[in-house]
Amino acid sequence: MEPDASIETSSMIRVAVIPISDVTPLLFRDYAAMLIRHHTVSLSSISSFYTEHQKSPFAHQPWESGSLRFKFILGGSPPSPWEDFQSNRKILAVIGICHCPSAPDLRSVADQFTAASKTYSSSLVQRCFAFCPVDSQLEDESVKGSNLILFPPADRQTQEFHLQTMVQDIAASLLMEFEKWVLQAESGGTVFKTPLDSQASLSSEEVIKAKKRRLGRAQKTIGDYCLLAGSPVDANAHYSTSLELTRLTADFFWYAGAMEGSVCALLMDRMGHKDPVLEDEVKYRYNSVILHYRKSFIQDNAQRVSPLSFELEATLKLARFLCRRELASDVVELLTATADGATSLIDASDKLVVYVEIARLFGELGYHRKAAFFSRQVAQLYLQQDNKFAAISAMQVLAMTTKAYRVQSRASIGPSNDAGQTHADGGKVHHHSIVSLFESQWSTLQMVVLREILLSAVRAGDPLAAWSAAARLLRSYYPLITPAGQNGLFGALVNSAERLPLGTRCSDPALPFVRLHSFPLHSSQMDIVKRNPAREDWWAGAAPSGPFIYTPFSKGEPNNSNKQELTWVVGEPVQVLVELANPCGFEVMVESIYLSVHSGNLDAFPVSVSLPPNSSKVITLSGIPTNEGLVSIPGCIVHCFGVITEHFFKEVDGLIIGATQGLVLSDPFRSCGAAKFKNVLLPSITVVPSLPLLVSHIAGGDGSVMLYEGEIRDVWISLANAGTVPVEQAHISLSGKNQDSVVTVASETLRSALPLKPGAEVTIRVTLKAWQLSKTDSDAAASKGMPGSSVRQAKDGSSPLLLIHYAECADVKGNKNLCLAREPETVSAPPPGRRLVIPLNICVLQGLSFVKARLLSMEIPARIGEACSTQAQLERGNTEQVNGSERHADRLVKIDPNRGSWGLRLLELELYNPTDVVFETSVSVDMENTSNQENLSDNISAEHGEPKTRIDRDYTARVLIPLENFKLPVLDGSILGNSFQNNGTSGSRNNSFSEKNIKAELNASIKNLISKIKVRWQSGRNSSGELDIKDAIQAALQASVMDVLLPDPLTFGFRLAKASSGDINVDREVKSCVSGDSIIAHEMTAMEVLVRNNTKEAIRINLSIACKDVAGENCMEGDKATVLWEGVLSGISMEVPPLEEVKHAFSLYFLIPGEYTMLAAAMIYDANEVLRARARSDALDEPIFCRGPPYHVRVSGTR
Amino acid sequence: MIVCLAVVGHENNPLYIQSFTESDDALKLHHIVHCSLDVIDERVNNPKKSSPTINEAFLGLLYPTENYKVYGYLTNTKVKFILVTTDLDIRDADVRNVSLLFFRKFHAAYVDAVSNPFHIPGKKITSKTFRERVSSIVKSFGLSSAS
């Protein structure tokens, strides 16, 4: 039995090619390859070497078209016992190959070759080819005449040409030898024997039989030689004779042999042309061959030798001849029969050859599973031979079956599969991998194959193959392997690894399973923002957007929806979370695991992990990008069980998808209790050059700032550049909830610090004002009663965020040159900027709570005193300053004693302190709208000296806010007055003003008014703030805002005239300051009434003055008048110029000491609309009365 | 006698393999079923080769191995039924009729099994009812073929 047998084998001349004297295997193979190319030598090319010594027995040799065929057997082979039966089994020529530089002595080479060729007794021609001889060897005459042929050193082409010539020479010599042999055989008495013929004592009967048969056998052998000589017609003639003779002598074995030869001759004659008729003929004849081989089976020597191998060989030859898809069923039948017959073969190596051939033919037919099945049989036969080389062969054969069983090593799949898998990005797993998942369900078979590979690899001493097989077995079939078996595989892995050199890589991953968990996003401290070069505020609208917020087209693009993009920065560490799973029953020690970066621009840091049995773990793998560009991270490099392997994320993803579809045995992560699978797509990661990096630090700790409602506090935030590139541009903005709680941000400070060099630091101030807690918040806080609730509140994102966008190049356009110098590409796409998010963690505590507000009116009569102020000081509301300095108590209320506070309105606020600290409140009025210097000073004085109201915990307190001061100085001078002024000045327009418009203006001025009122509080040393009571004030004021806000058109005042001398005046003043009592009975008291016009137009009035006693009786008229007067007191007609005062002097003489009340009243003539509107009178002709506030006069008796 | 019955999915994934022999030759039967896929593949890829007279679903004798004969049946959804028998002496025509009948019954059982809303297509059939039903079909087939 021989491998590679085919019908044509019979026509091939066997040539042994043997190395002579130290040829390295590599060189030998190289030279042999050159030789093997000349396996067919056409007869026409050898005619020049051929000399016809006598008449050739090959009468019909096709010199034009025929050829000799060689079968080179490298290393030679032992002689076959069947040489006589099939001449093509003989080694007919020997070619030695010698490499001269390694064999200096040509003489000895020639001797060695002669000795070597002696072992091939059947050889007819011997040649030794010596390559690359040196000059001295070329000149060596001693080898002349021997078979040694020197090939002078030349280029390969020339050498090949020489070789071809030499082969042709050999062919010619062989042809002549064949002729000689045939002539000799025809005449001579050569005996042809096979092992089939009984070897023992030749009985006479046997001898006679042998003699009878000799002729037929001789004819068959001559036919063989004819075939070898390339003359099919001659061969056919001899075979026909042989067939006749052998049939007659019932020599079935030789009959079959002759038949085989005749088929070969037929095919040779047809020169390889196949047609159905020929096929049928071959099939028919070969069936007969097979039949006769079977017939020749002799029971006697069945133990020793059997023609079965020839029968099988013939079957295989036929199968090979027919081996085409169209004839698959025929071939399968033949092969099945062969396989059946092979079981009864005695010789193990014959069996091996048969199975190898069957497997090969099945493979050729496209029946890969069948081929794999028989390959496995071959491997088992190899494994039965207990030696290392057989084990290696077994391993190699099994490795070929892995493809059919879908358990191939990743190394054998090659990169094509990788390329296929890259298409799987779209979320769908590539078709190929799905198919392999399906096929991977033949676990029973697959496990057997892998186990056999493991066994053979262990036996063959190939630790890497053993490791790989064990890894595949463990990784794919762990759910089917018992814990003991798993431990066994674990042992196999460890044992194999011990024999491997340190750092060996294997393409097949073992445990653990590694899948991508997530890419942690940049912390808000390091956010990267794409720059929009077209805009000044480059951070906004980096994405192109139309006029629509939602664009259905952009939504539909699959690339956008599932292709996440990540940007990494050179030199800044990055992290990737991966999940490891060990579903087996032993602990897996991962010596190191790190990201596998195919793009080579990331330094990955290894991590060591230990995974207990049946566990999974999420670990963080980190690395530092080193170069800009794209990064691809297809998996992890794992050093585990002593071998380095690469684990691809995609494979595990496919596995898990398969598990969900029920195609794979089990999901390794699920079985370890890991969280549910979420498909993490590999984002496209870009590495950009170094960017600046701002690091923020809030002075006083990064914890949340505890503030009471309305509290105002400064927070200092220090920003440091921790990057390697200066910050050249920065912009601060706010985002998040409660943005208005950030009062000011000192962005100027930051801007002035630019460019911020690496390592530099800048501190900016942020002023915060705590917002009001909403009703629900405060309720929740109250119900919990603990500050813990407010901590929770701080976390739920109600705090504002400070966003700082910063970048390297201050101005993309302006610094183009700079960019150009740095990196030419950046012109098109500037390096991205960054965003630093500083959460201002404000935790608002409930502070003073407002209970209610009421508007109170109060009537405090003014006293008549002597005005010690000048006219200028008296103007407007300044008087309070003077008085304020006099009397402390009056400061808050700020009553103008001259004008009195008739109709003074006070806003009463009721405040409750629910906290556990003490609050002090103070009311101030900001007059920041007016630019008056004196007002400002007034404001300051008010702030400095304002009295504080202390509110203890769980107490309620009331705070009074006088509203007098808000009276506008001029009826039509203020914002509100404007409308009236317009009304007044151009009557034609007044009607066009709608009620609504006036109301809106009014509301605006109310707001203005309200915003001036500030209730400040202080608690402890650090906390201070403002109560937010605007709404409450507005609600309280809404009803009577007109009265509060608008001044009367006329104000009246009384005062003592400055008739007296300065000394007395001073004296009196002092007195009045002390007692407030300056009028004495029985003395003429000079008085003045002051009428001030608050409008911008002159008013004509009719003034009258009255004086009433305590009982309210008019005490100047009537019978019992107690006051005498001098001057005019009633019906005084006067015109008051706009915004000016008019004095009217008179004198009173009080007869009785006591309390009196002075009243001034006026009737306005020709009132305009403004006045009428103020008086709320509708009738045009109705006179308008203006009444001044009552002035108290205390008349003391004697001094 | 029926030795083994197998259902193989459209991606050549085994869905169900049941053997009816006492001896422990599961691996061998797996191999036989696995190898028979070669033949089915070939017949599916060269449909004109199969003779048009017989039912399209029935693939007939796939190949004889050592002691077994393997018959195949292909459903419209490319699910393959593979039957391994040891009946070597029944004439081909008989076998065709009998085994066609058998495959029809088996097909009905399979359709019922995969109609189960809890069955995931492509997953191995684990239904106990199916197993019992197949066993009874096999038993009745043994009786009918014997008679």
# chains A, B, ... in the order shown; residues from 1 in each chain; ligands from 1
call {"tool": "interface_residues", "arguments": {"of": "chain B", "to": "chain A", "cutoff": "10 Å", "atoms": "only C-alpha atoms", "output": "VMD selection string"}}
result
chain B and resid 9 to 15 26 to 28 30 to 39 41 to 42 46 49 62 to 67 120 to 124
call {"tool": "closest_residue", "arguments": {"among": "B:His107, B:Ala113, B:Ala6, B:Glu132", "to": "Tyr71 of chain B", "atoms": "only C-alpha atoms"}}
result
B:Ala6
call {"tool": "atom_distance", "arguments": {"atom1": "atom CA of Gly461 of chain A", "atom2": "atom CA of Ser496 of chain A"}}
result
9.1 Å
call {"tool": "residues_around", "arguments": {"residues": "Gln159 of chain A", "least_positions_apart": "4", "cutoff": "12 Å", "atoms": "only C-alpha atoms", "output": "PyMOL selection string"}}
result
chain A and resi 31+34-35+129-132+150-155+163-166
call {"tool": "write_last_selection", "arguments": {"atoms": "N, CA, C and O atoms", "output": "PDB file, in the first residue's frame"}}
result
ATOM      1  N   TYR A  31      17.727  21.810  -3.452  1.00  0.00           N
ATOM      2  CA  TYR A  31      18.196  21.166  -4.681  1.00  0.00           C
ATOM      3  C   TYR A  31      17.148  20.193  -5.209  1.00  0.00           C
ATOM      4  O   TYR A  31      16.896  20.108  -6.420  1.00  0.00           O
ATOM      5  N   MET A  34      14.487  21.762  -7.151  1.00  0.00           N
ATOM      6  CA  MET A  34      14.894  22.051  -8.533  1.00  0.00           C
ATOM      7  C   MET A  34      14.726  20.817  -9.411  1.00  0.00           C
ATOM      8  O   MET A  34      14.307  20.884 -10.561  1.00  0.00           O
ATOM      9  N   LEU A  35      15.044  19.688  -8.822  1.00  0.00           N
ATOM     10  CA  LEU A  35      15.014  18.435  -9.561  1.00  0.00           C
ATOM     11  C   LEU A  35      13.585  17.992  -9.851  1.00  0.00           C
ATOM     12  O   LEU A  35      13.249  17.573 -10.964  1.00  0.00           O
ATOM     13  N   PHE A 129      24.845  14.335  -8.359  1.00  0.00           N
ATOM     14  CA  PHE A 129      24.950  15.739  -8.735  1.00  0.00           C
ATOM     15  C   PHE A 129      25.652  16.487  -7.621  1.00  0.00           C
ATOM     16  O   PHE A 129      25.185  16.500  -6.485  1.00  0.00           O
ATOM     17  N   ALA A 130      26.753  17.107  -7.998  1.00  0.00           N
ATOM     18  CA  ALA A 130      27.483  17.892  -7.000  1.00  0.00           C
ATOM     19  C   ALA A 130      27.349  19.360  -7.358  1.00  0.00           C
ATOM     20  O   ALA A 130      27.740  19.780  -8.445  1.00  0.00           O
ATOM     21  N   PHE A 131      26.773  20.092  -6.426  1.00  0.00           N
ATOM     22  CA  PHE A 131      26.512  21.504  -6.697  1.00  0.00           C
ATOM     23  C   PHE A 131      27.603  22.380  -6.091  1.00  0.00           C
ATOM     24  O   PHE A 131      28.241  22.007  -5.101  1.00  0.00           O
ATOM     25  N   CYS A 132      27.779  23.510  -6.694  1.00  0.00           N
ATOM     26  CA  CYS A 132      28.674  24.556  -6.191  1.00  0.00           C
ATOM     27  C   CYS A 132      30.101  24.066  -5.934  1.00  0.00           C
ATOM     28  O   CYS A 132      30.633  24.269  -4.814  1.00  0.00           O
ATOM     29  N   LEU A 150      29.536  17.471 -11.865  1.00  0.00           N
ATOM     30  CA  LEU A 150      29.722  18.746 -11.173  1.00  0.00           C
ATOM     31  C   LEU A 150      28.910  19.818 -11.874  1.00  0.00           C
ATOM     32  O   LEU A 150      28.919  19.914 -13.102  1.00  0.00           O
ATOM     33  N   PHE A 151      28.216  20.585 -11.059  1.00  0.00           N
ATOM     34  CA  PHE A 151      27.458  21.723 -11.598  1.00  0.00           C
ATOM     35  C   PHE A 151      28.233  22.972 -11.268  1.00  0.00           C
ATOM     36  O   PHE A 151      28.284  23.370 -10.109  1.00  0.00           O
ATOM     37  N   PRO A 152      28.891  23.576 -12.267  1.00  0.00           N
ATOM     38  CA  PRO A 152      29.683  24.764 -11.961  1.00  0.00           C
ATOM     39  C   PRO A 152      28.791  25.846 -11.357  1.00  0.00           C
ATOM     40  O   PRO A 152      27.619  25.951 -11.719  1.00  0.00           O
ATOM     41  N   PRO A 153      29.369  26.594 -10.442  1.00  0.00           N
ATOM     42  CA  PRO A 153      28.546  27.636  -9.806  1.00  0.00           C
ATOM     43  C   PRO A 153      28.019  28.621 -10.847  1.00  0.00           C
ATOM     44  O   PRO A 153      28.798  29.104 -11.681  1.00  0.00           O
ATOM     45  N   ALA A 154      26.746  28.862 -10.808  1.00  0.00           N
ATOM     46  CA  ALA A 154      26.131  29.784 -11.770  1.00  0.00           C
ATOM     47  C   ALA A 154      24.835  30.276 -11.163  1.00  0.00           C
ATOM     48  O   ALA A 154      24.463  29.855 -10.057  1.00  0.00           O
ATOM     49  N   ASP A 155      24.180  31.144 -11.879  1.00  0.00           N
ATOM     50  CA  ASP A 155      22.884  31.591 -11.344  1.00  0.00           C
ATOM     51  C   ASP A 155      21.886  30.447 -11.468  1.00  0.00           C
ATOM     52  O   ASP A 155      22.117  29.435 -12.138  1.00  0.00           O
ATOM     53  N   LEU A 163      20.603  21.161 -15.000  1.00  0.00           N
ATOM     54  CA  LEU A 163      19.927  20.054 -14.349  1.00  0.00           C
ATOM     55  C   LEU A 163      18.990  19.361 -15.326  1.00  0.00           C
ATOM     56  O   LEU A 163      18.935  18.125 -15.397  1.00  0.00           O
ATOM     57  N   GLN A 164      18.262  20.198 -16.071  1.00  0.00           N
ATOM     58  CA  GLN A 164      17.308  19.640 -17.043  1.00  0.00           C
ATOM     59  C   GLN A 164      18.063  18.738 -18.038  1.00  0.00           C
ATOM     60  O   GLN A 164      17.623  17.624 -18.339  1.00  0.00           O
ATOM     61  N   THR A 165      19.182  19.235 -18.500  1.00  0.00           N
ATOM     62  CA  THR A 165      19.973  18.450 -19.443  1.00  0.00           C
ATOM     63  C   THR A 165      20.366  17.115 -18.831  1.00  0.00           C
ATOM     64  O   THR A 165      20.271  16.058 -19.453  1.00  0.00           O
ATOM     65  N   MET A 166      20.803  17.183 -17.573  1.00  0.00           N
ATOM     66  CA  MET A 166      21.240  15.964 -16.897  1.00  0.00           C
ATOM     67  C   MET A 166      20.082  14.985 -16.734  1.00  0.00           C
ATOM     68  O   MET A 166      20.232  13.780 -16.903  1.00  0.00           O
TER      69      MET A 166
END
call {"tool": "closest_residue", "arguments": {"among": "A:Ile13, A:Ile1079, A:Met271, A:Ala581", "to": "Ser615 of chain A", "atoms": "only C-alpha atoms"}}
result
A:Ala581
call {"tool": "atom_distance", "arguments": {"atom1": "atom CA of Gln380 of chain A", "atom2": "atom CA of Ser476 of chain A"}}
result
23.2 Å
call {"tool": "atom_distance", "arguments": {"atom1": "atom CA of Thr915 of chain A", "atom2": "atom CA of Tyr955 of chain A"}}
result
9.6 Å
call {"tool": "residues_around", "arguments": {"residues": "Ser1024 of chain A", "least_positions_apart": "3", "cutoff": "9 Å", "atoms": "only C-alpha atoms", "output": "list of chain:residue names"}}
result
A:Tyr708, A:Gly710, A:Glu711, A:Ile712, A:Arg713, A:Arg1016, A:Trp1017, A:Gln1018, A:Ser1019, A:Gly1020, A:Arg1021
call {"tool": "residues_around", "arguments": {"residues": "Lys105 of chain B", "least_positions_apart": "5", "cutoff": "12 Å", "atoms": "only C-alpha atoms", "output": "count of residues only"}}
result
17
call {"tool": "closest_residue", "arguments": {"among": "A:Leu43, A:Ile392, A:Cys640, A:Leu174", "to": "Ser610 of chain A", "atoms": "only C-alpha atoms"}}
result
A:Cys640
